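Asks: Let me give you the structure first, and then I'll get to my questions.
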Amino acid sequence: MQLRYNFRLYPSQGQRQALARAFGCARTVFNDGLRLRQDAREQGLPYVSDGELSKRVITEAKKTPDRAWLGEVSAVVLQQALADLNTAYRNFFASISGKRKGRKVTAPRFRSRKDSQQAIRFTKNARFAVTPGGKLRLPKIGDVPVRW
């Protein structure tokens, strides 16, 4: 069962920076994964598997000096960004083959830094929780005041 909540966060200045960092890292991982799959297709190479994609875009990227800042955010946020990319590809292929009902879906596109829609996802494994004081505890961000 999937649950969805509608709430408003009131983060402090430090928490805003941590959230912005998480949004940026998730966007970077999504775009790197998309670029890797597009390059493989253009070069005639086989489809990059999910495990290989995770290894190259998250694990190996954290070890490079250019992407060392990916280690500053929760790993679950990065993994969920790749899960979103996989869902986008799955919907695209299902739409092309006719298995998906509804309107046709286009191929996944790069996420823009200038777009006002930014999203990250935490799973139960990320150990996010609502504290007894009514705050939302997010990993590597802290306790954020919430209005439900």
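Letters A, B, ... mark the chains of the structure tokens in the order given; residue numbers begin at 1 per chain; ligand numbers begin at 1, in order shown.
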Compile the contact shell of A:Trp69 as an NGL selection string: residues with an atom at most 10 Å away, counting only C-alpha atoms, same-chain residues fewer than 6 positions apart removed.

Replies: :A and (21 or 25 or 61-63)

Asks: Can I get the selection written as an mmCIF file, in the first residue's frame, with all heavy atoms?

Replies:
```
data_model
loop_
_atom_site.group_PDB
_atom_site.id
_atom_site.type_symbol
_atom_site.label_atom_id
_atom_site.label_comp_id
_atom_site.auth_asym_id
_atom_site.auth_seq_id
_atom_site.Cartn_x
_atom_site.Cartn_y
_atom_site.Cartn_z
ATOM 1 N N ARG A 21 20.405 20.942 -1.402
ATOM 2 C CA ARG A 21 21.484 20.024 -1.766
ATOM 3 C C ARG A 21 20.903 18.669 -2.178
ATOM 4 O O ARG A 21 21.340 18.072 -3.157
ATOM 5 C CB ARG A 21 22.428 19.865 -0.572
ATOM 6 C CG ARG A 21 23.713 19.178 -0.901
ATOM 7 C CD ARG A 21 24.664 19.145 0.294
ATOM 8 N NE ARG A 21 24.968 20.468 0.799
ATOM 9 C CZ ARG A 21 24.702 20.882 2.048
ATOM 10 N NH1 ARG A 21 24.134 20.078 2.904
ATOM 11 N NH2 ARG A 21 25.015 22.101 2.417
ATOM 12 N N CYS A 25 21.289 16.970 -5.844
ATOM 13 C CA CYS A 25 21.930 15.659 -6.000
ATOM 14 C C CYS A 25 21.000 14.671 -6.702
ATOM 15 O O CYS A 25 21.435 13.907 -7.561
ATOM 16 C CB CYS A 25 22.348 15.116 -4.641
ATOM 17 S SG CYS A 25 23.750 15.993 -3.917
ATOM 18 N N ALA A 61 30.575 7.268 -8.749
ATOM 19 C CA ALA A 61 30.603 8.726 -8.865
ATOM 20 C C ALA A 61 30.984 9.384 -7.549
ATOM 21 O O ALA A 61 31.651 10.421 -7.532
ATOM 22 C CB ALA A 61 29.250 9.237 -9.339
ATOM 23 N N LYS A 62 30.579 8.788 -6.428
ATOM 24 C CA LYS A 62 30.934 9.347 -5.120
ATOM 25 C C LYS A 62 32.434 9.313 -4.869
ATOM 26 O O LYS A 62 32.957 10.111 -4.101
ATOM 27 C CB LYS A 62 30.244 8.560 -3.994
ATOM 28 C CG LYS A 62 28.786 8.853 -3.828
ATOM 29 C CD LYS A 62 28.259 8.045 -2.660
ATOM 30 C CE LYS A 62 26.788 8.235 -2.464
ATOM 31 N NZ LYS A 62 26.289 7.432 -1.323
ATOM 32 N N LYS A 63 33.128 8.396 -5.535
ATOM 33 C CA LYS A 63 34.570 8.249 -5.333
ATOM 34 C C LYS A 63 35.390 9.231 -6.158
ATOM 35 O O LYS A 63 36.573 9.395 -5.915
ATOM 36 C CB LYS A 63 34.987 6.816 -5.664
ATOM 37 C CG LYS A 63 34.358 5.794 -4.736
ATOM 38 C CD LYS A 63 34.693 4.384 -5.156
ATOM 39 C CE LYS A 63 33.963 3.385 -4.282
ATOM 40 N NZ LYS A 63 34.132 2.012 -4.756
#
```

Asks: Apply DSSP to the backbone of this structure and, from chain A, keep only the residues in helix (DSSP H, G or I); write these as a ChimeraX atom specification.

Replies: /A:13-42,50-63,68-72,75-97,124-126

Asks: How would the residues just picked look written out with C-alpha atoms as a PDB file, in the first residue's frame?

Replies:
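File produced: selection20.pdb:
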```
ATOM      1  CA  GLN A  13      17.991  28.202   6.935  1.00  0.00           C
ATOM      2  CA  GLY A  14      20.396  25.278   7.397  1.00  0.00           C
ATOM      3  CA  GLN A  15      17.649  22.792   6.606  1.00  0.00           C
ATOM      4  CA  ARG A  16      16.763  24.749   3.462  1.00  0.00           C
ATOM      5  CA  GLN A  17      20.333  24.403   2.287  1.00  0.00           C
ATOM      6  CA  ALA A  18      20.293  20.671   3.068  1.00  0.00           C
ATOM      7  CA  LEU A  19      17.020  20.247   1.151  1.00  0.00           C
ATOM      8  CA  ALA A  20      18.386  22.239  -1.796  1.00  0.00           C
ATOM      9  CA  ARG A  21      21.484  20.024  -1.766  1.00  0.00           C
ATOM     10  CA  ALA A  22      19.280  16.915  -1.767  1.00  0.00           C
ATOM     11  CA  PHE A  23      17.184  18.260  -4.663  1.00  0.00           C
ATOM     12  CA  GLY A  24      20.325  19.035  -6.655  1.00  0.00           C
ATOM     13  CA  CYS A  25      21.930  15.659  -6.000  1.00  0.00           C
ATOM     14  CA  ALA A  26      18.756  13.784  -6.981  1.00  0.00           C
ATOM     15  CA  ARG A  27      18.511  15.817 -10.193  1.00  0.00           C
ATOM     16  CA  THR A  28      22.182  15.169 -10.995  1.00  0.00           C
ATOM     17  CA  VAL A  29      21.864  11.406 -10.476  1.00  0.00           C
ATOM     18  CA  PHE A  30      18.693  11.293 -12.598  1.00  0.00           C
ATOM     19  CA  ASN A  31      20.327  13.272 -15.420  1.00  0.00           C
ATOM     20  CA  ASP A  32      23.568  11.240 -15.281  1.00  0.00           C
ATOM     21  CA  GLY A  33      21.597   7.997 -15.491  1.00  0.00           C
ATOM     22  CA  LEU A  34      19.544   9.301 -18.398  1.00  0.00           C
ATOM     23  CA  ARG A  35      22.669  10.494 -20.229  1.00  0.00           C
ATOM     24  CA  LEU A  36      24.368   7.125 -19.699  1.00  0.00           C
ATOM     25  CA  ARG A  37      21.419   5.216 -21.158  1.00  0.00           C
ATOM     26  CA  GLN A  38      21.042   7.627 -24.077  1.00  0.00           C
ATOM     27  CA  ASP A  39      24.756   7.381 -24.927  1.00  0.00           C
ATOM     28  CA  ALA A  40      24.606   3.582 -24.802  1.00  0.00           C
ATOM     29  CA  ARG A  41      21.650   3.583 -27.185  1.00  0.00           C
ATOM     30  CA  GLU A  42      23.331   5.980 -29.625  1.00  0.00           C
ATOM     31  CA  ASP A  50      19.549  -1.027 -13.154  1.00  0.00           C
ATOM     32  CA  GLY A  51      22.347  -2.491 -11.028  1.00  0.00           C
ATOM     33  CA  GLU A  52      25.061  -1.331 -13.414  1.00  0.00           C
ATOM     34  CA  LEU A  53      23.470   2.101 -13.602  1.00  0.00           C
ATOM     35  CA  SER A  54      23.374   2.403  -9.799  1.00  0.00           C
ATOM     36  CA  LYS A  55      26.982   1.288  -9.528  1.00  0.00           C
ATOM     37  CA  ARG A  56      28.265   3.754 -12.123  1.00  0.00           C
ATOM     38  CA  VAL A  57      26.091   6.783 -11.338  1.00  0.00           C
ATOM     39  CA  ILE A  58      26.047   6.595  -7.524  1.00  0.00           C
ATOM     40  CA  THR A  59      28.740   4.324  -6.088  1.00  0.00           C
ATOM     41  CA  GLU A  60      31.602   5.085  -8.462  1.00  0.00           C
ATOM     42  CA  ALA A  61      30.603   8.726  -8.865  1.00  0.00           C
ATOM     43  CA  LYS A  62      30.934   9.347  -5.120  1.00  0.00           C
ATOM     44  CA  LYS A  63      34.570   8.249  -5.333  1.00  0.00           C
ATOM     45  CA  ALA A  68      32.260  13.638  -4.055  1.00  0.00           C
ATOM     46  CA  TRP A  69      29.482  15.954  -2.833  1.00  0.00           C
ATOM     47  CA  LEU A  70      26.929  13.214  -3.613  1.00  0.00           C
ATOM     48  CA  GLY A  71      27.938  11.637  -0.299  1.00  0.00           C
ATOM     49  CA  GLU A  72      26.542  14.612   1.641  1.00  0.00           C
ATOM     50  CA  ALA A  75      21.727   7.500  -0.220  1.00  0.00           C
ATOM     51  CA  VAL A  76      18.003   6.696  -0.336  1.00  0.00           C
ATOM     52  CA  VAL A  77      17.323   9.996  -2.134  1.00  0.00           C
ATOM     53  CA  LEU A  78      19.826   9.056  -4.843  1.00  0.00           C
ATOM     54  CA  GLN A  79      18.471   5.521  -5.188  1.00  0.00           C
ATOM     55  CA  GLN A  80      14.922   6.829  -5.488  1.00  0.00           C
ATOM     56  CA  ALA A  81      16.010   9.235  -8.246  1.00  0.00           C
ATOM     57  CA  LEU A  82      17.225   6.212 -10.236  1.00  0.00           C
ATOM     58  CA  ALA A  83      13.989   4.376  -9.393  1.00  0.00           C
ATOM     59  CA  ASP A  84      12.077   7.343 -10.854  1.00  0.00           C
ATOM     60  CA  LEU A  85      14.186   7.103 -14.012  1.00  0.00           C
ATOM     61  CA  ASN A  86      13.439   3.373 -14.286  1.00  0.00           C
ATOM     62  CA  THR A  87       9.718   4.043 -13.847  1.00  0.00           C
ATOM     63  CA  ALA A  88       9.850   6.685 -16.579  1.00  0.00           C
ATOM     64  CA  TYR A  89      11.535   4.246 -18.960  1.00  0.00           C
ATOM     65  CA  ARG A  90       9.116   1.447 -18.032  1.00  0.00           C
ATOM     66  CA  ASN A  91       6.124   3.715 -18.735  1.00  0.00           C
ATOM     67  CA  PHE A  92       7.687   4.848 -22.021  1.00  0.00           C
ATOM     68  CA  PHE A  93       8.309   1.301 -23.270  1.00  0.00           C
ATOM     69  CA  ALA A  94       4.861   0.143 -22.139  1.00  0.00           C
ATOM     70  CA  SER A  95       3.320   3.097 -23.955  1.00  0.00           C
ATOM     71  CA  ILE A  96       5.166   2.318 -27.187  1.00  0.00           C
ATOM     72  CA  SER A  97       4.189  -1.358 -27.122  1.00  0.00           C
ATOM     73  CA  LYS A 124      10.602   3.601   5.057  1.00  0.00           C
ATOM     74  CA  ASN A 125      14.151   2.280   4.827  1.00  0.00           C
ATOM     75  CA  ALA A 126      15.370   5.878   5.029  1.00  0.00           C
TER      76      ALA A 126
END
```

Asks: Have a look at A:Arg100, A:Arg121, A:Lys114, A:Arg8 and name the one nearest to A:Val146; count only C-alpha atoms.

Replies: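 Ranked by minimum distance to A:Val146, first place goes to A:Arg8.
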
Asks: Tell me, in Å to one decimal, how far atom CA of A:Lys101 is from atom CA of A:Met1.

Replies: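 Separation between atom CA of A:Lys101 and atom CA of A:Met1: 21.7 Å.
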
Asks: Kindly give the distance, in Å, that separates atom CA of A:Arg127 and atom CA of A:Asp143, rounded to a single decimal.

Replies: 12.3 Å

Asks: State, in Å with one decimal place, the distance from atom CA of A:Arg109 to atom CA of A:Arg67.

Replies: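 Between these atoms lies a distance of 21.5 Å.
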
Asks: Identify, on the basis of only C-alpha atoms, every residue whose closest approach to A:Val130 does not exceed 10 Å; exclude the query and any residue fewer than 5 positions from it along the same chain; express the result as a PyMOL selection string.

Replies: chain A and resi 135-138+143-146

Asks: Now that the selection is made, can you save its residues with N, CA and C atoms as a compact mmCIF listing (two decimals), in the first residue's frame?

Replies:
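Heads up, here's the output in again-v4.txt:
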```txt
# COMPACT_ATOMS: atom_id res chain seq x y z
N LYS A 135 7.07 17.08 14.48
CA LYS A 135 8.04 17.46 13.46
C LYS A 135 8.35 16.24 12.60
N LEU A 136 8.84 16.50 11.40
CA LEU A 136 9.21 15.44 10.48
C LEU A 136 10.72 15.26 10.54
N ARG A 137 11.17 14.07 10.90
CA ARG A 137 12.60 13.79 10.99
C ARG A 137 13.06 13.19 9.67
N LEU A 138 13.92 13.93 8.98
CA LEU A 138 14.46 13.49 7.69
C LEU A 138 15.94 13.20 7.82
N ASP A 143 15.12 17.57 12.12
CA ASP A 143 13.71 17.66 12.47
C ASP A 143 13.14 18.95 11.89
N VAL A 144 12.22 18.82 10.97
CA VAL A 144 11.63 19.98 10.27
C VAL A 144 10.21 20.20 10.78
N PRO A 145 9.87 21.43 11.21
CA PRO A 145 8.49 21.71 11.62
C PRO A 145 7.51 21.53 10.46
N VAL A 146 6.35 20.94 10.76
CA VAL A 146 5.38 20.59 9.73
C VAL A 146 4.01 21.14 10.10
```
